[in-house]
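**Student:** My structure file work-v1.cif, mmCIF, C-alpha atoms, is below:
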```
data_data
#
loop_
_atom_site.group_PDB
_atom_site.id
_atom_site.type_symbol
_atom_site.label_atom_id
_atom_site.label_comp_id
_atom_site.auth_asym_id
_atom_site.auth_seq_id
_atom_site.Cartn_x
_atom_site.Cartn_y
_atom_site.Cartn_z
ATOM 1 C CA MET A 1 -10.624 -3.716 -10.953
ATOM 2 C CA THR A 2 -8.150 -0.925 -10.234
ATOM 3 C CA ASP A 3 -5.067 -1.857 -8.182
ATOM 4 C CA ILE A 4 -4.205 1.074 -5.913
ATOM 5 C CA VAL A 5 -1.379 1.610 -3.427
ATOM 6 C CA VAL A 6 -1.638 4.370 -0.843
ATOM 7 C CA LEU A 7 1.546 5.705 0.763
ATOM 8 C CA GLY A 8 0.515 7.954 3.619
ATOM 9 C CA SER A 9 -0.698 8.594 7.125
ATOM 10 C CA THR A 10 -2.888 6.731 9.566
ATOM 11 C CA ASN A 11 -4.309 8.708 12.491
ATOM 12 C CA MET A 12 -6.892 8.230 15.167
ATOM 13 C CA ASP A 13 -9.327 11.125 14.809
ATOM 14 C CA LEU A 14 -10.400 12.554 18.162
ATOM 15 C CA VAL A 15 -13.545 14.437 17.198
ATOM 16 C CA ALA A 16 -15.517 16.935 19.292
ATOM 17 C CA TYR A 17 -18.893 18.088 17.949
ATOM 18 C CA VAL A 18 -19.926 21.612 18.929
ATOM 19 C CA GLU A 19 -22.522 24.203 17.973
ATOM 20 C CA LYS A 20 -19.821 26.755 17.183
ATOM 21 C CA ALA A 21 -16.041 26.293 17.185
ATOM 22 C CA PRO A 22 -14.217 28.164 19.974
ATOM 23 C CA GLN A 23 -12.211 31.272 19.258
ATOM 24 C CA ARG A 24 -8.735 31.723 20.705
ATOM 25 C CA GLY A 25 -8.945 31.759 24.510
ATOM 26 C CA GLU A 26 -12.580 30.631 24.481
ATOM 27 C CA THR A 27 -14.078 27.499 26.022
ATOM 28 C CA VAL A 28 -17.251 25.987 24.606
ATOM 29 C CA THR A 29 -19.288 22.951 25.583
ATOM 30 C CA GLY A 30 -19.410 20.105 23.121
ATOM 31 C CA ARG A 31 -22.363 17.776 22.696
ATOM 32 C CA GLU A 32 -20.491 14.636 21.611
ATOM 33 C CA PHE A 33 -17.013 13.103 21.354
ATOM 34 C CA ARG A 34 -15.884 10.232 19.137
ATOM 35 C CA THR A 35 -12.677 8.393 18.308
ATOM 36 C CA ILE A 36 -12.722 7.534 14.604
ATOM 37 C CA PRO A 37 -9.914 5.926 12.569
ATOM 38 C CA GLY A 38 -8.585 8.383 9.990
ATOM 39 C CA GLY A 39 -5.512 10.059 8.539
ATOM 40 C CA LYS A 40 -5.454 11.226 4.937
ATOM 41 C CA GLY A 41 -3.650 8.100 3.754
ATOM 42 C CA ALA A 42 -5.933 5.661 5.522
ATOM 43 C CA ASN A 43 -8.994 7.673 4.509
ATOM 44 C CA GLN A 44 -8.064 7.524 0.830
ATOM 45 C CA ALA A 45 -7.295 3.811 1.114
ATOM 46 C CA ILE A 46 -10.681 3.059 2.692
ATOM 47 C CA ALA A 47 -12.510 5.307 0.222
ATOM 48 C CA ALA A 48 -10.879 3.572 -2.740
ATOM 49 C CA ALA A 49 -11.572 0.102 -1.305
ATOM 50 C CA HIS A 50 -15.228 0.948 -0.644
ATOM 51 C CA ALA A 51 -15.480 2.316 -4.179
ATOM 52 C CA GLY A 52 -14.326 -1.002 -5.630
ATOM 53 C CA GLY A 53 -10.543 -0.761 -5.839
ATOM 54 C CA ILE A 54 -7.998 -3.386 -4.807
ATOM 55 C CA VAL A 55 -6.061 -1.373 -2.232
ATOM 56 C CA SER A 56 -2.827 -1.771 -0.246
ATOM 57 C CA MET A 57 -1.557 0.636 2.424
ATOM 58 C CA ILE A 58 2.058 1.666 3.091
ATOM 59 C CA GLY A 59 2.582 3.571 6.332
ATOM 60 C CA ALA A 60 3.048 3.110 10.075
ATOM 61 C CA VAL A 61 1.048 2.816 13.279
ATOM 62 C CA GLY A 62 2.192 2.740 16.878
ATOM 63 C CA ASN A 63 2.420 -0.272 19.142
ATOM 64 C CA ASP A 64 -0.634 0.893 21.085
ATOM 65 C CA SER A 65 -4.405 0.476 21.197
ATOM 66 C CA PHE A 66 -4.929 3.148 18.562
ATOM 67 C CA GLY A 67 -2.523 1.349 16.243
ATOM 68 C CA ALA A 68 -4.327 -1.960 16.656
ATOM 69 C CA ARG A 69 -7.661 -0.324 15.922
ATOM 70 C CA LEU A 70 -6.324 1.549 12.903
ATOM 71 C CA ARG A 71 -4.946 -1.663 11.390
ATOM 72 C CA SER A 72 -8.151 -3.546 12.130
ATOM 73 C CA THR A 73 -10.296 -0.839 10.550
ATOM 74 C CA LEU A 74 -8.255 -0.881 7.350
ATOM 75 C CA GLU A 75 -8.404 -4.658 7.142
ATOM 76 C CA HIS A 76 -12.158 -4.756 7.766
ATOM 77 C CA SER A 77 -12.548 -2.208 4.958
ATOM 78 C CA GLY A 78 -10.743 -4.544 2.570
ATOM 79 C CA VAL A 79 -7.349 -2.810 2.594
ATOM 80 C CA ASN A 80 -4.186 -4.948 2.551
ATOM 81 C CA THR A 81 -1.967 -3.938 5.510
ATOM 82 C CA ASP A 82 1.057 -6.181 4.896
ATOM 83 C CA HIS A 83 3.166 -3.042 4.332
ATOM 84 C CA LEU A 84 1.740 -1.081 7.279
ATOM 85 C CA ARG A 85 4.589 -1.004 9.807
ATOM 86 C CA THR A 86 4.184 -1.149 13.580
ATOM 87 C CA VAL A 87 6.699 1.088 15.398
ATOM 88 C CA GLU A 88 7.401 2.063 19.005
ATOM 89 C CA SER A 89 6.235 5.674 18.528
ATOM 90 C CA PRO A 90 2.637 6.477 19.517
ATOM 91 C CA SER A 91 0.116 6.274 16.703
ATOM 92 C CA GLY A 92 -0.681 9.528 14.934
ATOM 93 C CA THR A 93 -3.692 11.514 16.114
ATOM 94 C CA ALA A 94 -5.872 14.258 14.647
ATOM 95 C CA HIS A 95 -7.754 16.521 17.038
ATOM 96 C CA ILE A 96 -10.873 17.756 15.242
ATOM 97 C CA VAL A 97 -13.609 20.231 16.124
ATOM 98 C CA VAL A 98 -16.759 19.946 13.977
ATOM 99 C CA ASP A 99 -19.405 22.676 14.130
ATOM 100 C CA ASP A 100 -23.111 22.528 13.353
ATOM 101 C CA GLU A 101 -22.555 23.773 9.807
ATOM 102 C CA GLY A 102 -20.344 20.772 9.060
ATOM 103 C CA GLY A 103 -17.125 22.800 9.079
ATOM 104 C CA ASN A 104 -14.028 21.588 10.868
ATOM 105 C CA ALA A 105 -10.700 22.667 12.338
ATOM 106 C CA ILE A 106 -7.925 20.071 12.734
ATOM 107 C CA VAL A 107 -4.638 19.699 14.614
ATOM 108 C CA VAL A 108 -2.554 16.702 13.485
ATOM 109 C CA VAL A 109 0.091 15.101 15.732
ATOM 110 C CA PRO A 110 2.098 12.818 13.393
ATOM 111 C CA GLY A 111 3.394 10.229 15.897
ATOM 112 C CA ALA A 112 4.266 7.009 14.057
ATOM 113 C CA ASN A 113 3.676 8.706 10.699
ATOM 114 C CA GLY A 114 6.868 10.668 11.280
ATOM 115 C CA THR A 115 8.887 7.460 11.017
ATOM 116 C CA VAL A 116 7.758 6.886 7.418
ATOM 117 C CA ASP A 117 10.684 8.763 5.868
ATOM 118 C CA HIS A 118 11.770 6.116 3.358
ATOM 119 C CA LEU A 119 10.506 3.115 1.422
ATOM 120 C CA ALA A 120 10.952 -0.129 3.343
ATOM 121 C CA PRO A 121 12.020 -3.380 1.644
ATOM 122 C CA GLY A 122 9.222 -4.578 -0.601
ATOM 123 C CA ASP A 123 7.473 -1.200 -0.847
ATOM 124 C CA GLU A 124 8.817 -0.387 -4.306
ATOM 125 C CA GLY A 125 7.756 -3.793 -5.611
ATOM 126 C CA LEU A 126 4.248 -3.218 -4.278
ATOM 127 C CA ILE A 127 4.102 0.193 -5.950
ATOM 128 C CA ALA A 128 5.381 -1.290 -9.217
ATOM 129 C CA SER A 129 2.486 -3.758 -9.260
ATOM 130 C CA ALA A 130 -0.187 -1.053 -8.955
ATOM 131 C CA ASP A 131 -2.212 0.938 -11.467
ATOM 132 C CA ALA A 132 -2.051 4.078 -9.300
ATOM 133 C CA LEU A 133 -0.195 5.438 -6.282
ATOM 134 C CA LEU A 134 -2.001 7.870 -3.974
ATOM 135 C CA LEU A 135 0.122 10.317 -1.959
ATOM 136 C CA GLN A 136 -0.503 13.101 0.557
ATOM 137 C CA LEU A 137 1.760 15.226 2.787
ATOM 138 C CA GLU A 138 1.112 13.905 6.319
ATOM 139 C CA ILE A 139 4.305 11.795 6.265
ATOM 140 C CA PRO A 140 7.885 13.063 5.760
ATOM 141 C CA LEU A 141 8.429 14.550 2.323
ATOM 142 C CA ALA A 142 11.389 12.258 1.645
ATOM 143 C CA ALA A 143 9.088 9.235 1.554
ATOM 144 C CA VAL A 144 6.559 11.028 -0.656
ATOM 145 C CA VAL A 145 9.299 11.845 -3.178
ATOM 146 C CA ALA A 146 10.706 8.311 -3.020
ATOM 147 C CA GLY A 147 7.270 6.816 -3.608
ATOM 148 C CA ALA A 148 6.524 9.099 -6.540
ATOM 149 C CA GLU A 149 9.899 8.407 -8.116
ATOM 150 C CA ALA A 150 9.356 4.661 -7.745
ATOM 151 C CA ALA A 151 5.943 4.967 -9.379
ATOM 152 C CA ARG A 152 7.355 6.960 -12.293
ATOM 153 C CA ALA A 153 10.173 4.420 -12.780
ATOM 154 C CA HIS A 154 7.603 1.639 -13.124
ATOM 155 C CA GLY A 155 5.036 3.521 -15.201
ATOM 156 C CA VAL A 156 2.503 3.802 -12.362
ATOM 157 C CA ARG A 157 0.118 6.789 -12.334
ATOM 158 C CA THR A 158 0.732 9.087 -9.333
ATOM 159 C CA ILE A 159 -2.007 11.189 -7.722
ATOM 160 C CA LEU A 160 -0.894 13.700 -5.081
ATOM 161 C CA THR A 161 -3.126 15.509 -2.607
ATOM 162 C CA PRO A 162 -0.952 18.442 -1.427
ATOM 163 C CA ALA A 163 -2.315 18.548 2.132
ATOM 164 C CA PRO A 164 -1.386 19.982 4.472
ATOM 165 C CA ALA A 165 -0.233 22.633 2.005
ATOM 166 C CA ARG A 166 3.494 23.330 1.841
ATOM 167 C CA PRO A 167 5.991 24.280 -0.859
ATOM 168 C CA LEU A 168 6.518 21.326 -3.183
ATOM 169 C CA PRO A 169 10.054 20.579 -4.412
ATOM 170 C CA PRO A 170 10.608 20.437 -8.179
ATOM 171 C CA GLU A 171 11.787 16.824 -7.969
ATOM 172 C CA LEU A 172 8.383 15.818 -6.604
ATOM 173 C CA LEU A 173 6.319 17.822 -9.078
ATOM 174 C CA ALA A 174 8.389 16.332 -11.904
ATOM 175 C CA VAL A 175 7.047 12.848 -11.124
ATOM 176 C CA VAL A 176 3.412 13.673 -10.269
ATOM 177 C CA ASP A 177 0.792 12.871 -12.911
ATOM 178 C CA LEU A 178 -2.300 14.391 -11.267
ATOM 179 C CA LEU A 179 -2.356 17.030 -8.508
ATOM 180 C CA VAL A 180 -5.587 17.338 -6.482
ATOM 181 C CA PRO A 181 -5.569 20.387 -4.180
ATOM 182 C CA ASN A 182 -8.637 22.009 -2.696
ATOM 183 C CA GLU A 183 -9.115 25.682 -3.483
ATOM 184 C CA HIS A 184 -7.266 26.812 -0.341
ATOM 185 C CA GLU A 185 -4.291 24.559 -1.066
ATOM 186 C CA ALA A 186 -4.230 25.725 -4.677
ATOM 187 C CA THR A 187 -4.031 29.316 -3.451
ATOM 188 C CA ALA A 188 -1.288 28.452 -0.952
ATOM 189 C CA LEU A 189 0.757 26.775 -3.700
ATOM 190 C CA THR A 190 0.375 29.535 -6.292
ATOM 191 C CA GLY A 191 -0.667 32.757 -4.568
ATOM 192 C CA ARG A 192 -3.672 32.901 -6.942
ATOM 193 C CA THR A 193 -7.100 33.188 -5.320
ATOM 194 C CA ASP A 194 -9.067 32.343 -8.464
ATOM 195 C CA PRO A 195 -9.227 28.521 -8.794
ATOM 196 C CA ARG A 196 -8.913 28.572 -12.589
ATOM 197 C CA GLU A 197 -5.870 30.842 -12.429
ATOM 198 C CA ALA A 198 -4.336 28.698 -9.685
ATOM 199 C CA ALA A 199 -4.911 25.508 -11.679
ATOM 200 C CA ALA A 200 -3.391 27.078 -14.783
ATOM 201 C CA ALA A 201 -0.324 28.080 -12.772
ATOM 202 C CA LEU A 202 0.034 24.535 -11.430
ATOM 203 C CA LEU A 203 -0.043 23.161 -14.986
ATOM 204 C CA GLU A 204 3.403 24.662 -15.429
ATOM 205 C CA SER A 205 4.652 21.936 -13.059
ATOM 206 C CA VAL A 206 2.285 18.962 -13.518
ATOM 207 C CA PRO A 207 0.326 17.676 -16.534
ATOM 208 C CA GLU A 208 -3.114 17.469 -14.872
ATOM 209 C CA VAL A 209 -4.814 19.331 -12.014
ATOM 210 C CA VAL A 210 -8.157 18.891 -10.262
ATOM 211 C CA VAL A 211 -9.099 21.667 -7.852
ATOM 212 C CA THR A 212 -11.880 20.618 -5.478
ATOM 213 C CA LEU A 213 -14.295 23.418 -4.621
ATOM 214 C CA GLY A 214 -16.380 21.931 -1.803
ATOM 215 C CA ALA A 215 -20.092 22.384 -2.391
ATOM 216 C CA ALA A 216 -19.331 24.096 -5.724
ATOM 217 C CA GLY A 217 -17.882 20.904 -7.245
ATOM 218 C CA SER A 218 -14.521 20.569 -8.987
ATOM 219 C CA LEU A 219 -12.418 22.023 -11.790
ATOM 220 C CA TYR A 220 -10.124 19.989 -14.060
ATOM 221 C CA LEU A 221 -7.354 21.396 -16.224
ATOM 222 C CA ALA A 222 -4.882 19.486 -18.378
ATOM 223 C CA ARG A 223 -2.230 20.652 -20.782
ATOM 224 C CA GLY A 224 -3.659 21.076 -24.261
ATOM 225 C CA ALA A 225 -7.259 20.359 -23.211
ATOM 226 C CA GLU A 226 -10.359 22.415 -22.477
ATOM 227 C CA PRO A 227 -11.181 22.963 -18.777
ATOM 228 C CA VAL A 228 -13.868 20.754 -17.270
ATOM 229 C CA GLU A 229 -16.134 21.994 -14.452
ATOM 230 C CA VAL A 230 -18.387 19.545 -12.634
ATOM 231 C CA PRO A 231 -20.922 20.622 -9.978
ATOM 232 C CA ALA A 232 -21.410 18.765 -6.720
ATOM 233 C CA PRO A 233 -24.769 17.277 -5.704
ATOM 234 C CA ARG A 234 -26.772 19.554 -3.404
ATOM 235 C CA VAL A 235 -26.885 17.994 0.047
ATOM 236 C CA THR A 236 -27.017 19.107 3.686
ATOM 237 C CA ALA A 237 -23.572 18.621 5.242
ATOM 238 C CA VAL A 238 -23.273 17.071 8.677
ATOM 239 C CA ASP A 239 -19.477 16.674 8.778
ATOM 240 C CA SER A 240 -17.096 17.505 5.928
ATOM 241 C CA THR A 241 -14.124 15.687 7.508
ATOM 242 C CA GLY A 242 -12.705 13.249 4.968
ATOM 243 C CA ALA A 243 -14.809 14.483 2.051
ATOM 244 C CA GLY A 244 -11.747 15.404 0.009
ATOM 245 C CA ASP A 245 -10.161 12.026 0.679
ATOM 246 C CA THR A 246 -13.383 10.279 -0.316
ATOM 247 C CA PHE A 247 -13.336 12.251 -3.572
ATOM 248 C CA VAL A 248 -9.719 11.301 -4.338
ATOM 249 C CA GLY A 249 -10.178 7.620 -3.522
ATOM 250 C CA ALA A 250 -13.269 7.368 -5.719
ATOM 251 C CA LEU A 251 -11.618 9.394 -8.498
ATOM 252 C CA ALA A 252 -8.624 7.033 -8.532
ATOM 253 C CA VAL A 253 -10.946 4.057 -8.964
ATOM 254 C CA ALA A 254 -12.962 5.753 -11.692
ATOM 255 C CA ARG A 255 -9.891 6.805 -13.667
ATOM 256 C CA GLY A 256 -8.392 3.342 -13.254
ATOM 257 C CA GLU A 257 -11.533 1.986 -14.915
ATOM 258 C CA ASP A 258 -11.028 4.441 -17.805
ATOM 259 C CA LEU A 259 -14.130 6.490 -17.057
ATOM 260 C CA PRO A 260 -13.867 9.803 -18.986
ATOM 261 C CA MET A 261 -12.729 12.648 -16.748
ATOM 262 C CA ARG A 262 -16.066 14.477 -16.631
ATOM 263 C CA GLU A 263 -17.889 11.311 -15.591
ATOM 264 C CA ALA A 264 -15.099 10.344 -13.200
ATOM 265 C CA LEU A 265 -15.323 13.727 -11.473
ATOM 266 C CA ALA A 266 -19.104 13.462 -11.196
ATOM 267 C CA TRP A 267 -18.860 9.940 -9.758
ATOM 268 C CA ALA A 268 -16.244 11.076 -7.229
ATOM 269 C CA ALA A 269 -18.440 14.060 -6.332
ATOM 270 C CA ALA A 270 -21.322 11.675 -5.671
ATOM 271 C CA ALA A 271 -19.107 9.740 -3.253
ATOM 272 C CA ALA A 272 -18.030 12.932 -1.454
ATOM 273 C CA ALA A 273 -21.629 14.144 -1.240
ATOM 274 C CA LEU A 274 -22.624 10.945 0.528
ATOM 275 C CA SER A 275 -19.706 11.226 2.954
ATOM 276 C CA VAL A 276 -20.544 14.747 4.167
ATOM 277 C CA GLN A 277 -24.021 13.613 5.174
ATOM 278 C CA ARG A 278 -22.516 11.266 7.789
ATOM 279 C CA PRO A 279 -20.310 11.943 10.821
ATOM 280 C CA GLY A 280 -16.611 11.079 10.836
ATOM 281 C CA ALA A 281 -14.066 10.457 8.114
ATOM 282 C CA SER A 282 -13.475 6.772 7.407
ATOM 283 C CA ALA A 283 -16.814 5.881 8.990
ATOM 284 C CA SER A 284 -18.653 8.075 6.475
ATOM 285 C CA MET A 285 -17.196 6.677 3.259
ATOM 286 C CA PRO A 286 -19.769 5.129 0.926
ATOM 287 C CA TYR A 287 -19.651 1.806 -0.874
ATOM 288 C CA ARG A 288 -19.761 1.440 -4.638
ATOM 289 C CA SER A 289 -23.449 0.551 -4.780
ATOM 290 C CA GLU A 290 -24.293 3.726 -2.857
ATOM 291 C CA ILE A 291 -22.098 5.856 -5.121
ATOM 292 C CA ASP A 292 -23.677 4.376 -8.248
ATOM 293 C CA LYS A 293 -27.152 5.139 -6.891
ATOM 294 C CA GLN A 294 -26.229 8.739 -5.980
ATOM 295 C CA TYR A 295 -24.507 9.240 -9.346
ATOM 296 C CA ALA A 296 -27.557 8.015 -11.227
ATOM 297 C CA SER A 297 -29.966 10.263 -9.319
#
```
Would you write out, as structure tokens, the structure that this file holds?
**Tutor:**
Amino acid sequence: MTDIVVLGSTNMDLVAYVEKAPQRGETVTGREFRTIPGGKGANQAIAAAHAGGIVSMIGAVGNDSFGARLRSTLEHSGVNTDHLRTVESPSGTAHIVVDDEGGNAIVVVPGANGTVDHLAPGDEGLIASADALLLQLEIPLAAVVAGAEAARAHGVRTILTPAPARPLPPELLAVVDLLVPNEHEATALTGRTDPREAAAALLESVPEVVVTLGAAGSLYLARGAEPVEVPAPRVTAVDSTGAGDTFVGALAVARGEDLPMREALAWAAAAAALSVQRPGASASMPYRSEIDKQYAS
């Protein structure tokens, strides 16, 4: 089994479901509201655990009801939370509007995640014991860099999801093994609108890149290798929130089990396809048996 550490955010997702998302200055009536544990870090941790990984989470929650629920959700999903700090700041929240086409718009309020600006005692040892470290950008960049540097020092594979998109410092890119942006993030990082051109530009900084393309699948480029394009299963999306995190969590497990990249991408795409057919982020993430069945179909 693949041993994975996730250093990242935990948020409570406050989700409103509407026919059509409001424009600026507009009020619309929603049909449903849910509170769903999320955050890109927690989502990737849960996705990897459901997919069969042995997963530990490094991050922070607030000393409030959201924090207690976030911790409980991770633990019930099989994620080790010994390194998930409890702080006096409110837990992070994500305010999400989901329309009838499955699209979403999100406002993130970091809360306790903003306190994760360094590695706490024991965090580096936990990272050193892993096969892979998953990182995102919903916690302070200083902690992301510190985590990646610790992983590199101990020979641990680092996978970075550059979301929300922002300029990435050279010292971080120098210690990232695999970068997994979506097509919009790839454009933001490179200024290139064509995914293949954007991925090629990113290869100047990192050895491997996977650009996720939503319903169109994914594109993989590595230095000195032929590009690999893998389509996504055709499904009807209900809610795309967390689909990218599901993909990354499943991909980390597949690569940790030495599945060839084309097969790993297809298996991760099967996981993401299942997730978009269900509402919510962490609540939508499929288990390994479901992914295997979808992959085989």
**Student:** Sorted by chain and rising residue number, which residues of segment 56-125 of chain A lie within 12 Å of segment 267-278 of chain A, and what are their closest atom pairs and distances in Å to one decimal, counting all atoms listed in the file, as a tab-separated table?
**Tutor:**
```
residue	atom	partner	partner_atom	distance
A:Val98	CA	A:Val276	CA	11.7
A:Glu101	CA	A:Val276	CA	10.8
A:Gly102	CA	A:Val276	CA	7.8
A:Gly103	CA	A:Val276	CA	10.0
A:Asn104	CA	A:Val276	CA	11.6
```
**Student:** Selection from above, C-alpha atoms, as a PDB file, in the coordinates of the input, can you write it?
**Tutor:**
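In the end it all went to part29.pdb:
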```pdb
ATOM      1  CA  VAL A  98     -16.759  19.946  13.977  1.00  0.00           C
ATOM      2  CA  GLU A 101     -22.555  23.773   9.807  1.00  0.00           C
ATOM      3  CA  GLY A 102     -20.344  20.772   9.060  1.00  0.00           C
ATOM      4  CA  GLY A 103     -17.125  22.800   9.079  1.00  0.00           C
ATOM      5  CA  ASN A 104     -14.028  21.588  10.868  1.00  0.00           C
TER       6      ASN A 104
END
```
**Student:** Go through the shown structure with the PyMOL selection byres ((chain A and resi 235-249) around 9) and write out the matching residues as JSON, numbers by chain.
**Tutor:** {"A": [38, 39, 40, 41, 43, 44, 45, 46, 47, 48, 49, 50, 51, 53, 96, 98, 99, 100, 101, 102, 103, 104, 134, 159, 161, 180, 181, 182, 212, 214, 215, 232, 233, 234, 250, 251, 252, 253, 254, 265, 267, 268, 269, 270, 271, 272, 273, 274, 275, 276, 277, 278, 279, 280, 281, 282, 284, 285, 286]}
**Student:** Taking all atoms listed in the file into account, name the residue in A:Leu133, A:Leu172, A:Val28, A:Leu213 that is nearest to Ala146 of chain A.
**Tutor:**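 Among A:Leu133, A:Leu172, A:Val28, A:Leu213, it is A:Leu172 that comes nearest to Ala146 of chain A.
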**Student:** Residues within 12 Å of Asp64 of chain A, please, as a list of chain:residue names. Count all atoms listed in the file; anything in the same chain fewer than 3 positions from it doesn't count.
**Tutor:** A:Met12, A:Ala60, A:Val61, A:Gly67, A:Ala68, A:Arg69, A:Leu70, A:Arg71, A:Thr86, A:Val87, A:Glu88, A:Ser89, A:Pro90, A:Ser91, A:Gly92, A:Gly111, A:Ala112
**Student:** Using the chain letters and numbers from this file, what does the PyMOL selection byres ((chain A and resi 153) around 12) select? Give the answer as a PyMOL selection string.
**Tutor:** chain A and resi 124-125+127-129+146-152+154-158+175-176
**Student:** How far is it from atom CA of Leu259 of chain A to atom CA of Gly59 of chain A, in Å with one decimal?
**Tutor:**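 Atom-to-atom, atom CA of Leu259 of chain A to atom CA of Gly59 of chain A, that is 28.9 Å.
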**Student:** One decimal, in Å: what's the spacing between atom CA of Gly224 of chain A and atom CA of Arg262 of chain A?
**Tutor:** 16.0 Å
**Student:** Report, in Å with one decimal, the straight-line distance from atom CA of Gly30 of chain A to atom CA of Leu14 of chain A.
**Tutor:**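 Calculated distance between atom CA of Gly30 of chain A and atom CA of Leu14 of chain A is 12.8 Å.
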**Student:** Out of A:Pro37, A:Gly8, A:Pro195, A:Pro207, which residue has the shortest atom-to-atom distance to Thr115 of chain A when counting only C-alpha atoms?
**Tutor:**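 Closest to Thr115 of chain A, using only C-alpha atoms: A:Gly8.
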**Student:** Using the chain letters and numbers from the file, give me the residues hit by the PyMOL selection byres ((chain A and resi 29) around 12), as number ranges by chain.
**Tutor:** A: 16-22, 26-28, 30-33, 97, 99
**Student:** Would you export the selected residues with C-alpha atoms as an mmCIF file, in the coordinates of the input, please?
**Tutor:**
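To be explicit, this is the file written out as part.cif:
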```cif
data_model
loop_
_atom_site.group_PDB
_atom_site.id
_atom_site.type_symbol
_atom_site.label_atom_id
_atom_site.label_comp_id
_atom_site.auth_asym_id
_atom_site.auth_seq_id
_atom_site.Cartn_x
_atom_site.Cartn_y
_atom_site.Cartn_z
ATOM 1 C CA ALA A 16 -15.517 16.935 19.292
ATOM 2 C CA TYR A 17 -18.893 18.088 17.949
ATOM 3 C CA VAL A 18 -19.926 21.612 18.929
ATOM 4 C CA GLU A 19 -22.522 24.203 17.973
ATOM 5 C CA LYS A 20 -19.821 26.755 17.183
ATOM 6 C CA ALA A 21 -16.041 26.293 17.185
ATOM 7 C CA PRO A 22 -14.217 28.164 19.974
ATOM 8 C CA GLU A 26 -12.580 30.631 24.481
ATOM 9 C CA THR A 27 -14.078 27.499 26.022
ATOM 10 C CA VAL A 28 -17.251 25.987 24.606
ATOM 11 C CA GLY A 30 -19.410 20.105 23.121
ATOM 12 C CA ARG A 31 -22.363 17.776 22.696
ATOM 13 C CA GLU A 32 -20.491 14.636 21.611
ATOM 14 C CA PHE A 33 -17.013 13.103 21.354
ATOM 15 C CA VAL A 97 -13.609 20.231 16.124
ATOM 16 C CA ASP A 99 -19.405 22.676 14.130
#
```
**Student:** Kindly indicate which residue among A:Asp123, A:Glu208, A:Glu263, A:Asp13 lies nearest to Arg85 of chain A, using only C-alpha atoms for the distances.
**Tutor:**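 Closest residue, counting only C-alpha atoms: A:Asp123.
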**Student:** Within 8 Å of Leu126 of chain A, counting only C-alpha atoms, which residues qualify if same-chain residues fewer than 4 places away don't, as a PyMOL selection string?
**Tutor:** chain A and resi 5+122+130
**Student:** Need the axis-aligned box for segment 107-121 of chain A with 4 Å each side, so what are the centre and edges in Å to one decimal, as AutoDock Vina command-line options?
**Tutor:**
```
--center_x 3.7 --center_y 8.2 --center_z 8.7 --size_x 24.7 --size_y 31.1 --size_z 22.5
```
